[in-house]
Structure formats: C-alpha cells, structure tokens
Amino acid sequence: MIYIANWKMHGNSRDIESLNPIIKLSKQKKYRNIKLVYCPPYTLLDLMKRKFINSKIHVGAQNCHFNSEYGAFTGSINSKMLKSIGTKYVIIGHSENRTDGDNDLIINKKIKSALQENLKVILCIGETLFEKRNKLTKKILKKQIKNSLYKVKKVENIIFAYEPRWAIGTGIIPKTKTLTKNIIDIKKILISVNKKLNSAKILYGGSVNSQNVKEIVKIKGIDGFLVGGASLNSKKFIDIIKKSIN
Ligand code: PGA
C-alpha cells in the first residue's frame, strides 16, 4: 500500500516536529512494507527530507514547471531543482492545478520533464461533477490518460491517483459501486495505452478519512491513498493507515 500526504498550501517549519509519530510508525515491523510519501509545499521539502533522513519516508513536490531547463519563469520550480534537493516524487495534474490552467498538454510536458530527472510521478486524474452528471467519466479518464502519456517512455515510474474532482475537500466520496467500476475502467485504459501499465499502481484520493477508508480499501485494484486535509494531522493520517491495513 502507498500513502501519500498532500499538504497543499499548509505548514511551516514548526510543523516538522509533528511528524515524529509517523516516523515512529514507519519503523514498526507491521508497517515496514508500506510506502509513505509526504508532499509538503516547496518551502518545506528540504527540511522534511532531513527530518526523514533515518526513515524510509520519502518526500515529493506538489507540482513542477514543464520546462526541464533553467529559464525566465518567475515563481516556478522545475524537476531539475526538485531532484537536486533529493525529492523523489512529484504530483502532476492535481485538480487544483487543472483549475488553475494545467491542461493535458502541459501535464504531458511536466511528466516528461519529471521522468527525465528520474522523479517518480503521481499523476492525478478525475472527472468534474458536471462530467460525472453527464456520464462522461470514462471518456474524460481516457482522454486525460491518453493525452498525458503521449510519447511518455518510462511509464513504469508513474503512479496513478484517481481523484474525482468533486470529491476533493468536500467530504463526499463516490459510491462503492461507482468507484469499483471507475477503477476497472482506469486499469483497462492504462493497459490499452501501454502494456507496461499492466502492473501500474492506482491510488484513490478525495475526502479520505479514517472512517470511510475501511470501505474504500475493500475495493479491488486500489493500491493506496492520496490524502489531503486528513494528512495535516499525524494522528488522523496514522488512523487512516491503521484502519486500512488491519
Ligand atoms: P482531500 O484532498 O483529502 O482534502 O479531499 C485530496 C487531494 O486533493 O489530493
């Protein structure tokens, strides 16, 4: 199982101490085989990496610029910079960045630049409420996956996070039946795009908490969770891990 904490625009240097319990958990025998990745804001990447130095917890960025070279892009950070401070993962295509203008073409470029730097990509896909209501989910997922992976070579370094955009931060999650179907569809689409994606990891994200995770984890084909709000609090994040492993 893979657990990714997405801190979004939260946290400062004082919050680093709150990570002690998760470091402790990561060292327990029972949890030795889970993969833990923290994606804090850029400003905390280095600090967090140092904090995790004697543990197996990795750090990831929440985004990167599409240009792999240095350049005149005020306020941006690229994959080369992320790599240089020991970042292992990068989230690409998050709903909030899609809302800010990231389209499949930009996402495709970002993936290529991240993979070029040997970062592991966490690619977010998912439909809006409008698309869901109009029964366009499968079509949208297909379009997002196909376009984002256009001419991408090292697809085995991509983890997929299915995050229905209407489920993020709303407290609402998909019905089990719908989620089961969507995961099956994603799996089929991935294989049709590239056979190497046969064993790709698929995570679920969107309003995951310690209550609903017990149901979601039963769904076949879900290999972990991308957690936003509930990951800000170590206790809540640990609860999610414990409830989904037991
Ligand atoms: P949420 O966010 O858990 O707060 O819904 C998930 C995400 O945006 O990745």
# chains A, B, ... in the order shown; residues from 1 in each chain; ligands from 1
>>> residues_near_ligand(ligand="ligand 1", cutoff="6 Å", atoms="only C-alpha atoms and all ligand atoms", output="compact mmCIF listing (two decimals) with all heavy atoms, in the first residue's frame")
# COMPACT_ATOMS: atom_id res chain seq x y z
N ASN A 6 -0.68 14.95 0.99
CA ASN A 6 -0.59 16.18 0.20
C ASN A 6 -0.95 17.35 1.11
O ASN A 6 -2.13 17.55 1.42
CB ASN A 6 -1.56 16.08 -1.00
CG ASN A 6 -1.61 17.36 -1.81
OD1 ASN A 6 -0.79 18.26 -1.62
ND2 ASN A 6 -2.57 17.45 -2.71
N ILE A 168 -12.85 16.07 -3.82
CA ILE A 168 -11.70 16.65 -3.12
C ILE A 168 -12.16 17.75 -2.15
O ILE A 168 -12.80 18.72 -2.56
CB ILE A 168 -10.67 17.21 -4.13
CG1 ILE A 168 -10.10 16.05 -4.96
CG2 ILE A 168 -9.57 17.98 -3.41
CD1 ILE A 168 -9.18 16.49 -6.08
N GLY A 169 -11.85 17.55 -0.89
CA GLY A 169 -12.15 18.55 0.14
C GLY A 169 -13.62 18.76 0.42
O GLY A 169 -14.00 19.72 1.09
N GLY A 205 -8.02 9.14 -4.19
CA GLY A 205 -7.92 10.38 -3.42
C GLY A 205 -9.21 11.17 -3.48
O GLY A 205 -9.95 11.12 -4.48
N GLY A 206 -9.49 11.90 -2.43
CA GLY A 206 -10.70 12.72 -2.35
C GLY A 206 -11.46 12.42 -1.08
O GLY A 206 -12.13 11.39 -0.99
N SER A 207 -11.29 13.29 -0.07
CA SER A 207 -12.03 13.19 1.21
C SER A 207 -11.80 11.88 1.95
O SER A 207 -12.70 11.40 2.65
CB SER A 207 -13.53 13.41 0.98
OG SER A 207 -13.76 14.74 0.54
N VAL A 208 -10.61 11.30 1.80
CA VAL A 208 -10.33 10.06 2.55
C VAL A 208 -10.18 10.40 4.03
O VAL A 208 -9.48 11.36 4.39
CB VAL A 208 -9.03 9.38 2.04
CG1 VAL A 208 -8.67 8.18 2.90
CG2 VAL A 208 -9.16 8.98 0.58
N LEU A 226 -4.24 8.95 -1.68
CA LEU A 226 -3.67 10.29 -1.71
C LEU A 226 -4.55 11.13 -0.79
O LEU A 226 -5.74 11.31 -1.05
CB LEU A 226 -3.68 10.83 -3.16
CG LEU A 226 -3.24 12.26 -3.43
CD1 LEU A 226 -1.96 12.62 -2.71
CD2 LEU A 226 -3.02 12.45 -4.93
N VAL A 227 -3.95 11.57 0.30
CA VAL A 227 -4.74 12.21 1.35
C VAL A 227 -4.37 13.69 1.49
O VAL A 227 -3.20 14.02 1.68
CB VAL A 227 -4.52 11.48 2.70
CG1 VAL A 227 -5.43 12.05 3.77
CG2 VAL A 227 -4.74 9.98 2.54
N GLY A 228 -5.36 14.54 1.42
CA GLY A 228 -5.13 15.97 1.58
C GLY A 228 -5.35 16.38 3.02
O GLY A 228 -4.50 16.13 3.89
N GLY A 229 -6.51 16.97 3.29
CA GLY A 229 -6.84 17.51 4.61
C GLY A 229 -6.43 16.64 5.80
O GLY A 229 -5.77 17.13 6.72
>>> closest_atom_pairs(of="stretch 29-49 of chain A", to="stretch 78-90 of chain A", cutoff="8 Å", atoms="only C-alpha atoms", output="Markdown table")
| residue | atom | partner | partner_atom | distance |
| --- | --- | --- | --- | --- |
| A:Val37 | CA | A:Tyr89 | CA | 7.8 |
| A:Cys39 | CA | A:Val90 | CA | 7.8 |
| A:Leu45 | CA | A:Thr87 | CA | 7.3 |
| A:Asp46 | CA | A:Ile85 | CA | 6.4 |
| A:Lys49 | CA | A:Gly86 | CA | 7.4 |
>>> write_last_selection(atoms="N, CA, C and O atoms", output="short mmCIF file (atom, residue, chain, number, x, y, z; two decimals), in the first residue's frame")
data_model
loop_
_atom_site.label_atom_id
_atom_site.label_comp_id
_atom_site.auth_asym_id
_atom_site.auth_seq_id
_atom_site.Cartn_x
_atom_site.Cartn_y
_atom_site.Cartn_z
N VAL A 37 4.84 8.73 1.47
CA VAL A 37 5.41 9.89 0.78
C VAL A 37 4.72 11.15 1.29
O VAL A 37 3.49 11.22 1.32
N CYS A 39 4.18 15.14 0.68
CA CYS A 39 4.31 16.21 -0.30
C CYS A 39 3.96 17.55 0.35
O CYS A 39 2.79 17.96 0.37
N LEU A 45 10.31 21.20 1.62
CA LEU A 45 10.83 19.95 1.05
C LEU A 45 12.17 19.55 1.68
O LEU A 45 12.35 18.41 2.13
N ASP A 46 13.08 20.50 1.73
CA ASP A 46 14.42 20.20 2.22
C ASP A 46 14.39 19.85 3.72
O ASP A 46 14.99 18.85 4.13
N LYS A 49 12.86 16.47 4.22
CA LYS A 49 13.77 15.42 3.77
C LYS A 49 14.80 15.12 4.87
O LYS A 49 15.09 13.97 5.17
#
>>> atom_distance(atom1="atom CA of A:Leu203", atom2="atom CA of A:Arg50")
26.4 Å
>>> residues_around(residues="A:Lys35", least_positions_apart="2", cutoff="12 Å", atoms="only C-alpha atoms", output="ChimeraX atom specification")
/A:1-5,22,25-27,31-33,37-38,55-59,89,201,223-226,241
>>> residues_around(residues="A:Phe66", least_positions_apart="6", cutoff="7 Å", atoms="only C-alpha atoms", output="PyMOL selection string")
chain A and resi 78+106+109-110+113
>>> write_last_selection(atoms="C-alpha atoms", output="short mmCIF file (atom, residue, chain, number, x, y, z; two decimals), in the first residue's frame")
data_model
loop_
_atom_site.label_atom_id
_atom_site.label_comp_id
_atom_site.auth_asym_id
_atom_site.auth_seq_id
_atom_site.Cartn_x
_atom_site.Cartn_y
_atom_site.Cartn_z
CA ASN A 78 11.36 22.67 -12.20
CA ILE A 106 1.09 20.98 -20.12
CA LYS A 109 5.30 18.12 -20.71
CA LYS A 110 5.56 18.14 -16.93
CA SER A 113 10.48 16.63 -17.58
#
>>> select_by_dssp(residues="stretch 61-139 of chain A", states="strand (DSSP E)", output="list in words")
Ala61, Tyr89, Val90, Ile91, Ile92, Lys120, Val121, Ile122, Leu123, Cys124 and Ile125 of chain A
>>> write_last_selection(atoms="C-alpha atoms", output="PDB file, in the first residue's frame")
ATOM      1  CA  ALA A  61       6.667  18.019  -4.534  1.00  0.00           C
ATOM      2  CA  TYR A  89       8.226  12.153  -6.186  1.00  0.00           C
ATOM      3  CA  VAL A  90       6.134  14.853  -7.806  1.00  0.00           C
ATOM      4  CA  ILE A  91       2.377  15.205  -8.029  1.00  0.00           C
ATOM      5  CA  ILE A  92       1.299  16.261 -11.519  1.00  0.00           C
ATOM      6  CA  LYS A 120       8.502   9.304  -9.747  1.00  0.00           C
ATOM      7  CA  VAL A 121       5.291  10.881 -10.958  1.00  0.00           C
ATOM      8  CA  ILE A 122       1.975  10.788  -9.129  1.00  0.00           C
ATOM      9  CA  LEU A 123      -0.453  11.588 -11.926  1.00  0.00           C
ATOM     10  CA  CYS A 124      -3.874  12.788 -10.810  1.00  0.00           C
ATOM     11  CA  ILE A 125      -6.873  12.078 -12.980  1.00  0.00           C
TER      12      ILE A 125
END
>>> atom_distance(atom1="atom CA of A:Glu131", atom2="atom CA of A:Lys181")
15.8 Å
>>> atom_distance(atom1="atom CA of A:Pro41", atom2="atom CA of A:Ser18")
15.6 Å
>>> select_by_dssp(residues="stretch 28-229 of chain A", states="helix (DSSP H, G or I)", output="JSON, numbers by chain")
{"A": [29, 30, 31, 42, 43, 44, 45, 46, 47, 48, 49, 50, 51, 79, 80, 81, 82, 83, 84, 95, 96, 97, 98, 99, 104, 105, 106, 107, 108, 109, 110, 111, 112, 113, 114, 115, 116, 129, 130, 131, 132, 133, 137, 138, 139, 140, 141, 142, 143, 144, 145, 146, 147, 148, 155, 156, 157, 165, 166, 167, 176, 177, 178, 179, 180, 181, 182, 183, 184, 185, 186, 187, 188, 189, 190, 191, 192, 193, 195, 196, 197, 198, 199, 213, 214, 215, 216, 229]}
>>> residues_around(residues="A:Asn212", least_positions_apart="5", cutoff="9 Å", atoms="only C-alpha atoms", output="PyMOL selection string")
chain A and resi 173+207+217+240
>>> write_last_selection(atoms="all heavy atoms", output="compact mmCIF listing (two decimals), in the first residue's frame")
# COMPACT_ATOMS: atom_id res chain seq x y z
N ILE A 173 -17.62 11.11 -1.00
CA ILE A 173 -16.84 10.14 -1.76
C ILE A 173 -17.76 9.38 -2.73
O ILE A 173 -18.97 9.34 -2.52
CB ILE A 173 -16.06 9.15 -0.84
CG1 ILE A 173 -17.03 8.37 0.05
CG2 ILE A 173 -15.01 9.85 -0.02
CD1 ILE A 173 -16.44 7.09 0.62
N SER A 207 -11.29 13.29 -0.07
CA SER A 207 -12.03 13.19 1.21
C SER A 207 -11.80 11.88 1.95
O SER A 207 -12.70 11.40 2.65
CB SER A 207 -13.53 13.41 0.98
OG SER A 207 -13.76 14.74 0.54
N VAL A 217 -10.94 0.67 1.02
CA VAL A 217 -9.81 -0.25 0.87
C VAL A 217 -10.24 -1.65 0.41
O VAL A 217 -9.43 -2.42 -0.14
CB VAL A 217 -8.98 -0.30 2.19
CG1 VAL A 217 -9.62 -1.19 3.24
CG2 VAL A 217 -7.54 -0.71 1.91
N ILE A 240 -5.76 6.58 9.36
CA ILE A 240 -6.10 6.11 8.00
C ILE A 240 -5.25 4.90 7.65
O ILE A 240 -5.75 3.89 7.15
CB ILE A 240 -5.91 7.26 6.97
CG1 ILE A 240 -6.99 8.33 7.19
CG2 ILE A 240 -5.93 6.71 5.54
CD1 ILE A 240 -6.84 9.56 6.31
>>> closest_residue(among="A:Lys138, A:Lys30, A:Lys243, A:Lys151", to="A:Leu179", atoms="only C-alpha atoms")
A:Lys138
>>> residues_around(residues="stretch 142-145 of chain A", least_positions_apart="2", cutoff="7 Å", atoms="only C-alpha atoms", output="PyMOL selection string")
chain A and resi 104+125+138-140+147-149+189
>>> closest_residue(among="A:Thr178, A:Asn12, A:Gln116, A:Asn157", to="A:Glu69", atoms="only C-alpha atoms")
A:Gln116
>>> residues_around(residues="A:Ser210", least_positions_apart="3", cutoff="10 Å", atoms="only C-alpha atoms", output="MDAnalysis selection string")
chainID A and resid 213:215 230 236:244
>>> closest_residue(among="A:Ile202, A:Leu136, A:Leu36, A:Leu47", to="A:Arg14", atoms="only C-alpha atoms")
A:Leu47
>>> decode(residues="stretch 170-216 of chain A", atoms="N, CA and C atoms", output="PDB file, in the first residue's frame")
ATOM      1  N   THR A 170     -14.477  17.880  -0.077  1.00  0.00           N
ATOM      2  CA  THR A 170     -15.921  18.088   0.083  1.00  0.00           C
ATOM      3  C   THR A 170     -16.536  17.186   1.148  1.00  0.00           C
ATOM      4  N   GLY A 171     -15.810  16.149   1.533  1.00  0.00           N
ATOM      5  CA  GLY A 171     -16.371  15.186   2.476  1.00  0.00           C
ATOM      6  C   GLY A 171     -17.262  14.157   1.783  1.00  0.00           C
ATOM      7  N   ILE A 172     -17.383  14.284   0.466  1.00  0.00           N
ATOM      8  CA  ILE A 172     -18.227  13.336  -0.292  1.00  0.00           C
ATOM      9  C   ILE A 172     -17.317  12.388  -1.070  1.00  0.00           C
ATOM     10  N   ILE A 173     -17.625  11.108  -0.995  1.00  0.00           N
ATOM     11  CA  ILE A 173     -16.840  10.135  -1.762  1.00  0.00           C
ATOM     12  C   ILE A 173     -17.755   9.378  -2.727  1.00  0.00           C
ATOM     13  N   PRO A 174     -17.208   8.770  -3.763  1.00  0.00           N
ATOM     14  CA  PRO A 174     -18.053   8.035  -4.703  1.00  0.00           C
ATOM     15  C   PRO A 174     -18.695   6.817  -4.041  1.00  0.00           C
ATOM     16  N   LYS A 175     -19.802   6.383  -4.613  1.00  0.00           N
ATOM     17  CA  LYS A 175     -20.432   5.142  -4.137  1.00  0.00           C
ATOM     18  C   LYS A 175     -19.477   3.994  -4.461  1.00  0.00           C
ATOM     19  N   THR A 176     -19.491   2.974  -3.615  1.00  0.00           N
ATOM     20  CA  THR A 176     -18.576   1.836  -3.798  1.00  0.00           C
ATOM     21  C   THR A 176     -18.687   1.254  -5.213  1.00  0.00           C
ATOM     22  N   LYS A 177     -19.934   1.121  -5.672  1.00  0.00           N
ATOM     23  CA  LYS A 177     -20.160   0.528  -6.985  1.00  0.00           C
ATOM     24  C   LYS A 177     -19.517   1.380  -8.097  1.00  0.00           C
ATOM     25  N   THR A 178     -19.708   2.672  -7.989  1.00  0.00           N
ATOM     26  CA  THR A 178     -19.155   3.583  -8.997  1.00  0.00           C
ATOM     27  C   THR A 178     -17.627   3.565  -8.955  1.00  0.00           C
ATOM     28  N   LEU A 179     -17.101   3.602  -7.744  1.00  0.00           N
ATOM     29  CA  LEU A 179     -15.643   3.626  -7.608  1.00  0.00           C
ATOM     30  C   LEU A 179     -15.030   2.326  -8.146  1.00  0.00           C
ATOM     31  N   THR A 180     -15.679   1.220  -7.840  1.00  0.00           N
ATOM     32  CA  THR A 180     -15.204  -0.077  -8.332  1.00  0.00           C
ATOM     33  C   THR A 180     -15.155  -0.059  -9.860  1.00  0.00           C
ATOM     34  N   LYS A 181     -16.216   0.430 -10.466  1.00  0.00           N
ATOM     35  CA  LYS A 181     -16.287   0.471 -11.922  1.00  0.00           C
ATOM     36  C   LYS A 181     -15.200   1.405 -12.494  1.00  0.00           C
ATOM     37  N   ASN A 182     -15.049   2.560 -11.877  1.00  0.00           N
ATOM     38  CA  ASN A 182     -14.076   3.517 -12.397  1.00  0.00           C
ATOM     39  C   ASN A 182     -12.642   2.996 -12.310  1.00  0.00           C
ATOM     40  N   ILE A 183     -12.364   2.260 -11.241  1.00  0.00           N
ATOM     41  CA  ILE A 183     -11.013   1.696 -11.093  1.00  0.00           C
ATOM     42  C   ILE A 183     -10.783   0.636 -12.187  1.00  0.00           C
ATOM     43  N   ILE A 184     -11.807  -0.163 -12.444  1.00  0.00           N
ATOM     44  CA  ILE A 184     -11.688  -1.177 -13.507  1.00  0.00           C
ATOM     45  C   ILE A 184     -11.470  -0.477 -14.848  1.00  0.00           C
ATOM     46  N   ASP A 185     -12.239   0.569 -15.093  1.00  0.00           N
ATOM     47  CA  ASP A 185     -12.091   1.315 -16.350  1.00  0.00           C
ATOM     48  C   ASP A 185     -10.674   1.887 -16.494  1.00  0.00           C
ATOM     49  N   ILE A 186     -10.186   2.469 -15.393  1.00  0.00           N
ATOM     50  CA  ILE A 186      -8.838   3.068 -15.437  1.00  0.00           C
ATOM     51  C   ILE A 186      -7.803   1.994 -15.777  1.00  0.00           C
ATOM     52  N   LYS A 187      -7.933   0.855 -15.138  1.00  0.00           N
ATOM     53  CA  LYS A 187      -6.994  -0.250 -15.378  1.00  0.00           C
ATOM     54  C   LYS A 187      -7.001  -0.642 -16.863  1.00  0.00           C
ATOM     55  N   LYS A 188      -8.199  -0.758 -17.418  1.00  0.00           N
ATOM     56  CA  LYS A 188      -8.328  -1.148 -18.828  1.00  0.00           C
ATOM     57  C   LYS A 188      -7.725  -0.072 -19.735  1.00  0.00           C
ATOM     58  N   ILE A 189      -8.009   1.181 -19.420  1.00  0.00           N
ATOM     59  CA  ILE A 189      -7.490   2.275 -20.248  1.00  0.00           C
ATOM     60  C   ILE A 189      -5.954   2.280 -20.207  1.00  0.00           C
ATOM     61  N   LEU A 190      -5.422   2.098 -18.996  1.00  0.00           N
ATOM     62  CA  LEU A 190      -3.957   2.117 -18.853  1.00  0.00           C
ATOM     63  C   LEU A 190      -3.318   1.034 -19.725  1.00  0.00           C
ATOM     64  N   ILE A 191      -3.884  -0.166 -19.671  1.00  0.00           N
ATOM     65  CA  ILE A 191      -3.319  -1.275 -20.447  1.00  0.00           C
ATOM     66  C   ILE A 191      -3.458  -1.003 -21.947  1.00  0.00           C
ATOM     67  N   SER A 192      -4.593  -0.396 -22.325  1.00  0.00           N
ATOM     68  CA  SER A 192      -4.787  -0.130 -23.756  1.00  0.00           C
ATOM     69  C   SER A 192      -3.815   0.945 -24.259  1.00  0.00           C
ATOM     70  N   VAL A 193      -3.400   1.833 -23.360  1.00  0.00           N
ATOM     71  CA  VAL A 193      -2.468   2.898 -23.759  1.00  0.00           C
ATOM     72  C   VAL A 193      -1.037   2.344 -23.813  1.00  0.00           C
ATOM     73  N   ASN A 194      -0.697   1.511 -22.839  1.00  0.00           N
ATOM     74  CA  ASN A 194       0.661   0.955 -22.803  1.00  0.00           C
ATOM     75  C   ASN A 194       0.652  -0.340 -21.990  1.00  0.00           C
ATOM     76  N   LYS A 195       1.063  -1.418 -22.631  1.00  0.00           N
ATOM     77  CA  LYS A 195       1.011  -2.735 -21.958  1.00  0.00           C
ATOM     78  C   LYS A 195       1.837  -2.754 -20.675  1.00  0.00           C
ATOM     79  N   LYS A 196       2.862  -1.914 -20.645  1.00  0.00           N
ATOM     80  CA  LYS A 196       3.726  -1.866 -19.458  1.00  0.00           C
ATOM     81  C   LYS A 196       2.953  -1.400 -18.217  1.00  0.00           C
ATOM     82  N   LEU A 197       1.778  -0.814 -18.447  1.00  0.00           N
ATOM     83  CA  LEU A 197       0.985  -0.295 -17.322  1.00  0.00           C
ATOM     84  C   LEU A 197       0.083  -1.349 -16.681  1.00  0.00           C
ATOM     85  N   ASN A 198       0.291  -2.566 -17.081  1.00  0.00           N
ATOM     86  CA  ASN A 198      -0.421  -3.712 -16.543  1.00  0.00           C
ATOM     87  C   ASN A 198      -0.353  -3.769 -15.018  1.00  0.00           C
ATOM     88  N   SER A 199       0.825  -3.427 -14.498  1.00  0.00           N
ATOM     89  CA  SER A 199       1.008  -3.513 -13.040  1.00  0.00           C
ATOM     90  C   SER A 199       1.087  -2.131 -12.390  1.00  0.00           C
ATOM     91  N   ALA A 200       0.562  -1.127 -13.081  1.00  0.00           N
ATOM     92  CA  ALA A 200       0.620   0.238 -12.531  1.00  0.00           C
ATOM     93  C   ALA A 200      -0.171   0.329 -11.232  1.00  0.00           C
ATOM     94  N   LYS A 201       0.321   1.139 -10.321  1.00  0.00           N
ATOM     95  CA  LYS A 201      -0.360   1.344  -9.038  1.00  0.00           C
ATOM     96  C   LYS A 201      -1.437   2.413  -9.210  1.00  0.00           C
ATOM     97  N   ILE A 202      -2.607   2.138  -8.640  1.00  0.00           N
ATOM     98  CA  ILE A 202      -3.700   3.109  -8.709  1.00  0.00           C
ATOM     99  C   ILE A 202      -4.136   3.467  -7.281  1.00  0.00           C
ATOM    100  N   LEU A 203      -4.079   4.748  -6.982  1.00  0.00           N
ATOM    101  CA  LEU A 203      -4.488   5.217  -5.660  1.00  0.00           C
ATOM    102  C   LEU A 203      -5.852   5.883  -5.760  1.00  0.00           C
ATOM    103  N   TYR A 204      -6.516   5.987  -4.629  1.00  0.00           N
ATOM    104  CA  TYR A 204      -7.741   6.782  -4.602  1.00  0.00           C
ATOM    105  C   TYR A 204      -7.474   8.030  -3.771  1.00  0.00           C
ATOM    106  N   GLY A 205      -8.019   9.145  -4.193  1.00  0.00           N
ATOM    107  CA  GLY A 205      -7.918  10.384  -3.425  1.00  0.00           C
ATOM    108  C   GLY A 205      -9.212  11.165  -3.483  1.00  0.00           C
ATOM    109  N   GLY A 206      -9.493  11.898  -2.428  1.00  0.00           N
ATOM    110  CA  GLY A 206     -10.704  12.723  -2.352  1.00  0.00           C
ATOM    111  C   GLY A 206     -11.459  12.422  -1.077  1.00  0.00           C
ATOM    112  N   SER A 207     -11.285  13.293  -0.066  1.00  0.00           N
ATOM    113  CA  SER A 207     -12.026  13.190   1.205  1.00  0.00           C
ATOM    114  C   SER A 207     -11.803  11.880   1.948  1.00  0.00           C
ATOM    115  N   VAL A 208     -10.610  11.300   1.805  1.00  0.00           N
ATOM    116  CA  VAL A 208     -10.329  10.057   2.550  1.00  0.00           C
ATOM    117  C   VAL A 208     -10.176  10.399   4.028  1.00  0.00           C
ATOM    118  N   ASN A 209     -10.829   9.630   4.891  1.00  0.00           N
ATOM    119  CA  ASN A 209     -10.634   9.785   6.337  1.00  0.00           C
ATOM    120  C   ASN A 209     -10.648   8.408   7.002  1.00  0.00           C
ATOM    121  N   SER A 210     -10.430   8.394   8.307  1.00  0.00           N
ATOM    122  CA  SER A 210     -10.280   7.102   8.981  1.00  0.00           C
ATOM    123  C   SER A 210     -11.597   6.319   9.017  1.00  0.00           C
ATOM    124  N   GLN A 211     -12.715   7.013   8.800  1.00  0.00           N
ATOM    125  CA  GLN A 211     -13.996   6.311   8.781  1.00  0.00           C
ATOM    126  C   GLN A 211     -14.234   5.627   7.431  1.00  0.00           C
ATOM    127  N   ASN A 212     -14.141   6.422   6.366  1.00  0.00           N
ATOM    128  CA  ASN A 212     -14.503   5.872   5.049  1.00  0.00           C
ATOM    129  C   ASN A 212     -13.426   4.970   4.425  1.00  0.00           C
ATOM    130  N   VAL A 213     -12.207   5.050   4.948  1.00  0.00           N
ATOM    131  CA  VAL A 213     -11.126   4.287   4.328  1.00  0.00           C
ATOM    132  C   VAL A 213     -11.348   2.769   4.430  1.00  0.00           C
ATOM    133  N   LYS A 214     -12.052   2.381   5.497  1.00  0.00           N
ATOM    134  CA  LYS A 214     -12.278   0.943   5.702  1.00  0.00           C
ATOM    135  C   LYS A 214     -13.094   0.338   4.561  1.00  0.00           C
ATOM    136  N   GLU A 215     -14.046   1.117   4.054  1.00  0.00           N
ATOM    137  CA  GLU A 215     -14.867   0.660   2.924  1.00  0.00           C
ATOM    138  C   GLU A 215     -14.076   0.722   1.620  1.00  0.00           C
ATOM    139  N   ILE A 216     -13.398   1.853   1.432  1.00  0.00           N
ATOM    140  CA  ILE A 216     -12.711   2.066   0.151  1.00  0.00           C
ATOM    141  C   ILE A 216     -11.603   1.028  -0.080  1.00  0.00           C
TER     142      ILE A 216
END
